[in-house]
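Enquirer: Provided herewith is a single structure, encoded as structure tokens, for subsequent inquiry.
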Amino acid sequence: MDLHLLENITMIAQQGTISKAAEKLYITQSALNQQLLRLEEDVGTPLFDRGGHRMTPTYAGRVYLESARKMLELKKKTYHIIRDIADGKRGEIHIAYTPERGADQFAKTYPVFHAKYPDVTFVIHEERVKEMEKHLADGTVDIAHISIRQPQPAFDYEWIDSEQMVLAVPRGNPLAEKADEAKGPGLPLLDPAWLAGEKIVLNSQETLMRDMVDDLYRQAGLKPDVLFETSSSKTIISVVENGIAVGFVPQSYVVPSQKVVFFTAGHRYEWMLTVAHRRDYYLSNAEREFIRTFKELYQSTHQNR
């Protein structure tokens with residue numbers, strides 16, 4: 001069986017269109033479409049529903065893709081083992097991380113790792129948590145720097161750190177006075193009832209944070225007065241600094257500021273920072289070293305947080 005064909009067909013499923021898949025594969029749309037048509041003729045049934053603007057796998061297509069992914073995973077595992085036996089210094093790592101903090105941490109880790117493994121290349125996927133979990137499960141990515149509240153049985157996790165959700169409030173907002181009244185170490189604890197009537201920049205639906213913010217408002221019996229939604233914590237901080245609205249961000253965004261006051265949402269709204277991979281995935285020596293380096297550098301730069 002032609003493994004390149006398996007890779008091409010799974011790319012169509014991932015991208016949803018022939019044109020996007022062909023662009024990713026660096027081949028023409030016509031060539032890719034002909035490959036699919038010949039395969040469908042060979043198996044005797046359509047593998048994709050071509051209605052609408054997206055190609056959706058048929059039942060037969062889903063069966064084919066499940067087997068294709070297993071075979072491609074077996075190929076990847078075999079190559080990793082052989083390379084480890086040889087010298088362990090070559091290969092390719094498909095990694096997912098968030099566009100902001102994940103990208104920053106990868107940029108710090110890569111030079112250190114590259115000095116040891118100069119012939120290992122990376123395929124980068126900048127995604128939010130829900131997409132990362134999906135792509136870890138289907139084999140699109142090998143490892144992911146991912147935030148979790150509850151571990152999933154299909155994945156193994158390397159714990160990096162724990163973090164809480166915090167509310168950022170403009171210094172001029174009357175709510176900020178409650179922080180000044182609080183005594184003791186650490187951030188003042190937020191009473192969700194204080195959010196009544198507060199305009200908020202809401203975290204977008206694809207983020208883990210949004211699930212927690214929705215839960216906090218639901219528990220308080222409130223409906224958020226939403227200014228707009230964004231997946232960027234940096235945007236939220238900028239809006240708060242300009243005195244426009246409040247917003248929730250990760251604890252790591254807490255820095256001394258004359259413009260922003262922070263409240264912790266408490267341990268109920270806490271998550272773990274991890275590096276994850278599928279439980280049945282073979283981690284190469286290079287991947288193990290990357291995870292070790294990533295964890296070491298992260299913890300050394302955040303130990304005084």
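Labels for the structure tokens follow display order: chains A, B, ..., residues from 1 in each chain, ligands from 1.
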From the DSSP assignment of the backbone, select every residue of stretch 105-292 of chain A that is alpha helix (DSSP H), and format the answer as an NGL selection string.
Expert: :A and (105-116 or 129-138 or 176-181 or 208-220 or 233-241 or 285-292)
Enquirer: Can you pull out every residue within 12 Å of A:Met132, counting only C-alpha atoms, but drop anything in the same chain fewer than 6 positions away, and send it as an mmCIF file with N, CA, C and O atoms, in the first residue's frame?
Expert:
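Contents of the output file part04.cif:
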```cif
data_model
loop_
_atom_site.group_PDB
_atom_site.id
_atom_site.type_symbol
_atom_site.label_atom_id
_atom_site.label_comp_id
_atom_site.auth_asym_id
_atom_site.auth_seq_id
_atom_site.Cartn_x
_atom_site.Cartn_y
_atom_site.Cartn_z
ATOM 1 N N HIS A 94 6.205 16.865 15.360
ATOM 2 C CA HIS A 94 5.000 17.675 15.169
ATOM 3 C C HIS A 94 4.540 18.124 16.557
ATOM 4 O O HIS A 94 4.155 17.294 17.384
ATOM 5 N N ILE A 95 4.589 19.421 16.797
ATOM 6 C CA ILE A 95 4.292 19.949 18.129
ATOM 7 C C ILE A 95 3.205 21.016 18.057
ATOM 8 O O ILE A 95 3.143 21.794 17.095
ATOM 9 N N ALA A 96 2.340 21.029 19.056
ATOM 10 C CA ALA A 96 1.283 22.042 19.145
ATOM 11 C C ALA A 96 1.469 22.851 20.425
ATOM 12 O O ALA A 96 1.837 22.308 21.473
ATOM 13 N N TYR A 97 1.207 24.146 20.306
ATOM 14 C CA TYR A 97 1.215 25.012 21.468
ATOM 15 C C TYR A 97 0.342 26.225 21.170
ATOM 16 O O TYR A 97 -0.045 26.467 20.032
ATOM 17 N N THR A 98 0.030 26.997 22.201
ATOM 18 C CA THR A 98 -0.817 28.169 22.025
ATOM 19 C C THR A 98 -0.030 29.294 21.352
ATOM 20 O O THR A 98 1.196 29.370 21.483
ATOM 21 N N PRO A 99 -0.726 30.187 20.625
ATOM 22 C CA PRO A 99 -0.030 31.225 19.862
ATOM 23 C C PRO A 99 0.745 32.229 20.714
ATOM 24 O O PRO A 99 1.649 32.879 20.198
ATOM 25 N N ILE A 124 5.140 22.960 13.235
ATOM 26 C CA ILE A 124 4.489 23.729 14.291
ATOM 27 C C ILE A 124 2.987 23.838 14.036
ATOM 28 O O ILE A 124 2.544 24.134 12.931
ATOM 29 N N HIS A 125 2.216 23.625 15.098
ATOM 30 C CA HIS A 125 0.765 23.836 15.056
ATOM 31 C C HIS A 125 0.418 24.785 16.198
ATOM 32 O O HIS A 125 0.547 24.414 17.375
ATOM 33 N N GLU A 126 0.031 26.003 15.863
ATOM 34 C CA GLU A 126 -0.393 26.962 16.884
ATOM 35 C C GLU A 126 -1.909 26.852 17.038
ATOM 36 O O GLU A 126 -2.660 27.222 16.126
ATOM 37 N N ASP A 138 -5.890 12.285 16.893
ATOM 38 C CA ASP A 138 -5.894 11.732 15.531
ATOM 39 C C ASP A 138 -4.497 11.613 14.924
ATOM 40 O O ASP A 138 -4.339 11.198 13.777
ATOM 41 N N GLY A 139 -3.455 11.975 15.717
ATOM 42 C CA GLY A 139 -2.084 11.794 15.250
ATOM 43 C C GLY A 139 -1.524 12.924 14.424
ATOM 44 O O GLY A 139 -0.399 12.827 13.928
ATOM 45 N N THR A 140 -2.281 14.015 14.276
ATOM 46 C CA THR A 140 -1.763 15.161 13.526
ATOM 47 C C THR A 140 -0.543 15.751 14.225
ATOM 48 O O THR A 140 0.401 16.211 13.569
ATOM 49 N N VAL A 141 -0.559 15.780 15.564
ATOM 50 C CA VAL A 141 0.594 16.253 16.323
ATOM 51 C C VAL A 141 1.092 15.133 17.236
ATOM 52 O O VAL A 141 0.326 14.245 17.622
ATOM 53 N N ASP A 142 2.388 15.186 17.558
ATOM 54 C CA ASP A 142 3.016 14.167 18.395
ATOM 55 C C ASP A 142 2.982 14.550 19.867
ATOM 56 O O ASP A 142 2.692 13.721 20.737
ATOM 57 N N ILE A 143 3.324 15.817 20.146
ATOM 58 C CA ILE A 143 3.321 16.316 21.522
ATOM 59 C C ILE A 143 2.677 17.694 21.539
ATOM 60 O O ILE A 143 2.635 18.384 20.528
ATOM 61 N N ALA A 144 2.160 18.076 22.695
ATOM 62 C CA ALA A 144 1.476 19.367 22.800
ATOM 63 C C ALA A 144 1.737 19.977 24.167
ATOM 64 O O ALA A 144 1.666 19.282 25.190
ATOM 65 N N HIS A 145 2.044 21.273 24.166
ATOM 66 C CA HIS A 145 2.115 22.031 25.417
ATOM 67 C C HIS A 145 0.691 22.478 25.709
ATOM 68 O O HIS A 145 0.190 23.437 25.111
ATOM 69 N N ILE A 146 0.037 21.789 26.636
ATOM 70 C CA ILE A 146 -1.403 21.906 26.771
ATOM 71 C C ILE A 146 -1.813 22.124 28.226
ATOM 72 O O ILE A 146 -1.207 21.566 29.141
ATOM 73 N N SER A 147 -2.829 22.954 28.420
ATOM 74 C CA SER A 147 -3.392 23.183 29.750
ATOM 75 C C SER A 147 -4.596 22.265 29.929
ATOM 76 O O SER A 147 -5.434 22.156 29.030
ATOM 77 N N ILE A 148 -4.694 21.614 31.086
ATOM 78 C CA ILE A 148 -5.799 20.691 31.334
ATOM 79 C C ILE A 148 -6.375 20.912 32.722
ATOM 80 O O ILE A 148 -5.688 21.380 33.633
ATOM 81 N N PHE A 155 -4.231 10.006 26.979
ATOM 82 C CA PHE A 155 -2.994 10.767 26.928
ATOM 83 C C PHE A 155 -2.144 10.543 28.180
ATOM 84 O O PHE A 155 -2.664 10.278 29.266
ATOM 85 N N GLU A 206 -13.151 28.702 21.893
ATOM 86 C CA GLU A 206 -12.222 27.591 21.722
ATOM 87 C C GLU A 206 -11.191 27.491 22.840
ATOM 88 O O GLU A 206 -10.347 26.597 22.830
ATOM 89 N N THR A 207 -11.238 28.386 23.823
ATOM 90 C CA THR A 207 -10.251 28.384 24.895
ATOM 91 C C THR A 207 -10.759 27.620 26.114
ATOM 92 O O THR A 207 -11.960 27.580 26.405
ATOM 93 N N LEU A 208 -9.824 27.020 26.846
ATOM 94 C CA LEU A 208 -10.153 26.363 28.113
ATOM 95 C C LEU A 208 -10.687 27.378 29.120
ATOM 96 O O LEU A 208 -11.605 27.090 29.901
ATOM 97 N N VAL A 275 3.002 18.917 29.181
ATOM 98 C CA VAL A 275 3.321 18.485 27.825
ATOM 99 C C VAL A 275 2.705 17.094 27.682
ATOM 100 O O VAL A 275 2.976 16.203 28.489
ATOM 101 N N ALA A 276 1.854 16.934 26.682
ATOM 102 C CA ALA A 276 1.079 15.703 26.539
ATOM 103 C C ALA A 276 1.414 14.973 25.247
ATOM 104 O O ALA A 276 1.835 15.579 24.255
ATOM 105 N N HIS A 277 1.201 13.667 25.291
ATOM 106 C CA HIS A 277 1.265 12.837 24.081
ATOM 107 C C HIS A 277 0.302 11.668 24.263
ATOM 108 O O HIS A 277 -0.130 11.374 25.386
ATOM 109 N N ARG A 278 -0.052 11.012 23.175
ATOM 110 C CA ARG A 278 -0.934 9.856 23.286
ATOM 111 C C ARG A 278 -0.260 8.748 24.082
ATOM 112 O O ARG A 278 0.955 8.534 23.960
#
```
Enquirer: May I have the residues within 10 Å of stretch 210-227 of chain A as a PDB file with N, CA and C atoms, in the first residue's frame, using only C-alpha atoms and disregarding those fewer than 5 positions away in the same chain?
Expert:
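To be explicit, this is the file written out as around.pdb:
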```pdb
ATOM      1  N   ARG A 149      -7.652  20.603  32.878  1.00  0.00           N
ATOM      2  CA  ARG A 149      -8.280  20.566  34.199  1.00  0.00           C
ATOM      3  C   ARG A 149      -8.410  19.118  34.673  1.00  0.00           C
ATOM      4  N   MET A 165      -6.875  30.973  37.253  1.00  0.00           N
ATOM      5  CA  MET A 165      -7.495  32.039  36.477  1.00  0.00           C
ATOM      6  C   MET A 165      -7.613  33.278  37.363  1.00  0.00           C
ATOM      7  N   LEU A 167      -8.772  37.607  37.560  1.00  0.00           N
ATOM      8  CA  LEU A 167      -9.525  38.709  36.957  1.00  0.00           C
ATOM      9  C   LEU A 167      -8.650  39.952  36.944  1.00  0.00           C
ATOM     10  N   ASP A 191     -15.016  37.760  44.723  1.00  0.00           N
ATOM     11  CA  ASP A 191     -16.395  37.349  44.953  1.00  0.00           C
ATOM     12  C   ASP A 191     -17.109  37.525  43.616  1.00  0.00           C
ATOM     13  N   PRO A 192     -17.534  36.431  42.971  1.00  0.00           N
ATOM     14  CA  PRO A 192     -18.144  36.555  41.634  1.00  0.00           C
ATOM     15  C   PRO A 192     -19.322  37.518  41.582  1.00  0.00           C
ATOM     16  N   ALA A 193     -19.998  37.735  42.706  1.00  0.00           N
ATOM     17  CA  ALA A 193     -21.132  38.660  42.722  1.00  0.00           C
ATOM     18  C   ALA A 193     -20.695  40.080  42.369  1.00  0.00           C
ATOM     19  N   TRP A 194     -19.415  40.390  42.568  1.00  0.00           N
ATOM     20  CA  TRP A 194     -18.921  41.735  42.250  1.00  0.00           C
ATOM     21  C   TRP A 194     -18.957  42.012  40.739  1.00  0.00           C
ATOM     22  N   LEU A 195     -19.070  40.967  39.933  1.00  0.00           N
ATOM     23  CA  LEU A 195     -19.048  41.141  38.491  1.00  0.00           C
ATOM     24  C   LEU A 195     -20.367  41.659  37.924  1.00  0.00           C
ATOM     25  N   ALA A 196     -21.390  41.706  38.746  1.00  0.00           N
ATOM     26  CA  ALA A 196     -22.691  42.195  38.283  1.00  0.00           C
ATOM     27  C   ALA A 196     -22.549  43.621  37.746  1.00  0.00           C
ATOM     28  N   GLY A 197     -22.961  43.824  36.510  1.00  0.00           N
ATOM     29  CA  GLY A 197     -22.904  45.149  35.906  1.00  0.00           C
ATOM     30  C   GLY A 197     -21.565  45.525  35.316  1.00  0.00           C
ATOM     31  N   GLU A 198     -20.551  44.663  35.442  1.00  0.00           N
ATOM     32  CA  GLU A 198     -19.226  44.976  34.903  1.00  0.00           C
ATOM     33  C   GLU A 198     -19.128  44.553  33.437  1.00  0.00           C
ATOM     34  N   LYS A 199     -18.682  45.439  32.582  1.00  0.00           N
ATOM     35  CA  LYS A 199     -18.411  45.067  31.198  1.00  0.00           C
ATOM     36  C   LYS A 199     -17.153  44.206  31.157  1.00  0.00           C
ATOM     37  N   ILE A 200     -17.198  43.148  30.336  1.00  0.00           N
ATOM     38  CA  ILE A 200     -16.086  42.204  30.302  1.00  0.00           C
ATOM     39  C   ILE A 200     -15.690  41.891  28.868  1.00  0.00           C
ATOM     40  N   VAL A 201     -14.381  41.748  28.659  1.00  0.00           N
ATOM     41  CA  VAL A 201     -13.874  41.183  27.403  1.00  0.00           C
ATOM     42  C   VAL A 201     -13.813  39.684  27.633  1.00  0.00           C
ATOM     43  N   LEU A 202     -14.629  38.937  26.915  1.00  0.00           N
ATOM     44  CA  LEU A 202     -14.805  37.513  27.189  1.00  0.00           C
ATOM     45  C   LEU A 202     -13.841  36.678  26.360  1.00  0.00           C
ATOM     46  N   ASN A 203     -13.311  35.636  26.969  1.00  0.00           N
ATOM     47  CA  ASN A 203     -12.442  34.694  26.273  1.00  0.00           C
ATOM     48  C   ASN A 203     -13.254  33.913  25.243  1.00  0.00           C
ATOM     49  N   SER A 204     -12.668  33.631  24.091  1.00  0.00           N
ATOM     50  CA  SER A 204     -13.415  33.006  23.001  1.00  0.00           C
ATOM     51  C   SER A 204     -13.719  31.542  23.288  1.00  0.00           C
ATOM     52  N   GLN A 205     -14.657  31.003  22.522  1.00  0.00           N
ATOM     53  CA  GLN A 205     -15.227  29.687  22.786  1.00  0.00           C
ATOM     54  C   GLN A 205     -14.198  28.563  22.721  1.00  0.00           C
ATOM     55  N   ILE A 244     -11.083  50.101  29.896  1.00  0.00           N
ATOM     56  CA  ILE A 244     -12.313  49.904  29.134  1.00  0.00           C
ATOM     57  C   ILE A 244     -13.231  48.863  29.759  1.00  0.00           C
ATOM     58  N   ALA A 245     -12.653  47.768  30.258  1.00  0.00           N
ATOM     59  CA  ALA A 245     -13.467  46.665  30.777  1.00  0.00           C
ATOM     60  C   ALA A 245     -12.582  45.775  31.644  1.00  0.00           C
ATOM     61  N   VAL A 246     -13.205  44.766  32.284  1.00  0.00           N
ATOM     62  CA  VAL A 246     -12.464  43.760  33.035  1.00  0.00           C
ATOM     63  C   VAL A 246     -12.298  42.532  32.146  1.00  0.00           C
ATOM     64  N   GLY A 247     -11.449  41.583  32.560  1.00  0.00           N
ATOM     65  CA  GLY A 247     -11.279  40.356  31.793  1.00  0.00           C
ATOM     66  C   GLY A 247     -10.472  39.333  32.563  1.00  0.00           C
ATOM     67  N   PHE A 248     -10.665  38.065  32.226  1.00  0.00           N
ATOM     68  CA  PHE A 248      -9.953  36.977  32.890  1.00  0.00           C
ATOM     69  C   PHE A 248      -8.746  36.553  32.056  1.00  0.00           C
ATOM     70  N   ALA A 265      -9.452  33.889  41.116  1.00  0.00           N
ATOM     71  CA  ALA A 265     -10.779  33.272  41.120  1.00  0.00           C
ATOM     72  C   ALA A 265     -10.829  32.070  42.058  1.00  0.00           C
ATOM     73  N   ARG A 268     -10.866  26.555  42.635  1.00  0.00           N
ATOM     74  CA  ARG A 268     -11.858  25.910  41.772  1.00  0.00           C
ATOM     75  C   ARG A 268     -11.533  26.159  40.293  1.00  0.00           C
ATOM     76  N   TYR A 269     -10.917  27.317  40.020  1.00  0.00           N
ATOM     77  CA  TYR A 269     -10.620  27.711  38.647  1.00  0.00           C
ATOM     78  C   TYR A 269      -9.114  27.643  38.412  1.00  0.00           C
ATOM     79  N   GLU A 270      -8.602  26.434  38.537  1.00  0.00           N
ATOM     80  CA  GLU A 270      -7.173  26.165  38.408  1.00  0.00           C
ATOM     81  C   GLU A 270      -6.975  25.079  37.367  1.00  0.00           C
ATOM     82  N   TRP A 271      -5.835  25.087  36.701  1.00  0.00           N
ATOM     83  CA  TRP A 271      -5.527  24.057  35.728  1.00  0.00           C
ATOM     84  C   TRP A 271      -4.054  23.694  35.822  1.00  0.00           C
TER      85      TRP A 271
END
```
Enquirer: Quick one: residues within 8 Å of A:Gly243, only C-alpha atoms, excluding same-chain residues fewer than 5 positions away - as a list in words?
Expert: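 In the requested form, the answer reads Pro170, Arg171, Gly172, Asn173 and Lys259 of chain A.
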Enquirer: Can I get the selected residues back with N, CA and C atoms, as an mmCIF file, in the first residue's frame?
Expert:
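Wrote it out as out.cif, contents follow:
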```cif
data_model
loop_
_atom_site.group_PDB
_atom_site.id
_atom_site.type_symbol
_atom_site.label_atom_id
_atom_site.label_comp_id
_atom_site.auth_asym_id
_atom_site.auth_seq_id
_atom_site.Cartn_x
_atom_site.Cartn_y
_atom_site.Cartn_z
ATOM 1 N N PRO A 170 -9.293 47.366 35.714
ATOM 2 C CA PRO A 170 -8.640 48.671 35.603
ATOM 3 C C PRO A 170 -8.469 49.332 36.970
ATOM 4 N N ARG A 171 -7.339 49.972 37.183
ATOM 5 C CA ARG A 171 -7.070 50.626 38.466
ATOM 6 C C ARG A 171 -8.155 51.637 38.823
ATOM 7 N N GLY A 172 -8.737 52.309 37.844
ATOM 8 C CA GLY A 172 -9.754 53.315 38.119
ATOM 9 C C GLY A 172 -11.144 52.758 38.361
ATOM 10 N N ASN A 173 -11.333 51.471 38.190
ATOM 11 C CA ASN A 173 -12.634 50.840 38.416
ATOM 12 C C ASN A 173 -12.896 50.745 39.926
ATOM 13 N N LYS A 259 -1.691 50.269 36.375
ATOM 14 C CA LYS A 259 -2.950 50.385 35.632
ATOM 15 C C LYS A 259 -3.929 49.251 35.895
#
```
Enquirer: Using backbone DSSP assignments, extract all strand (DSSP E or B) residues from stretch 114-291 of chain A; output them as a ChimeraX atom specification.
Expert: /A:119-126,143-148,155-170,189,199-203,225-230,246-250,260-264,270-278
Enquirer: Tell me, as a ChimeraX atom specification, which residues lie within 9 Å of A:Ala168, counting only C-alpha atoms; anything in the same chain fewer than 4 positions away does not count.
Expert: /A:236-237,240-241,245-249,254,260-263
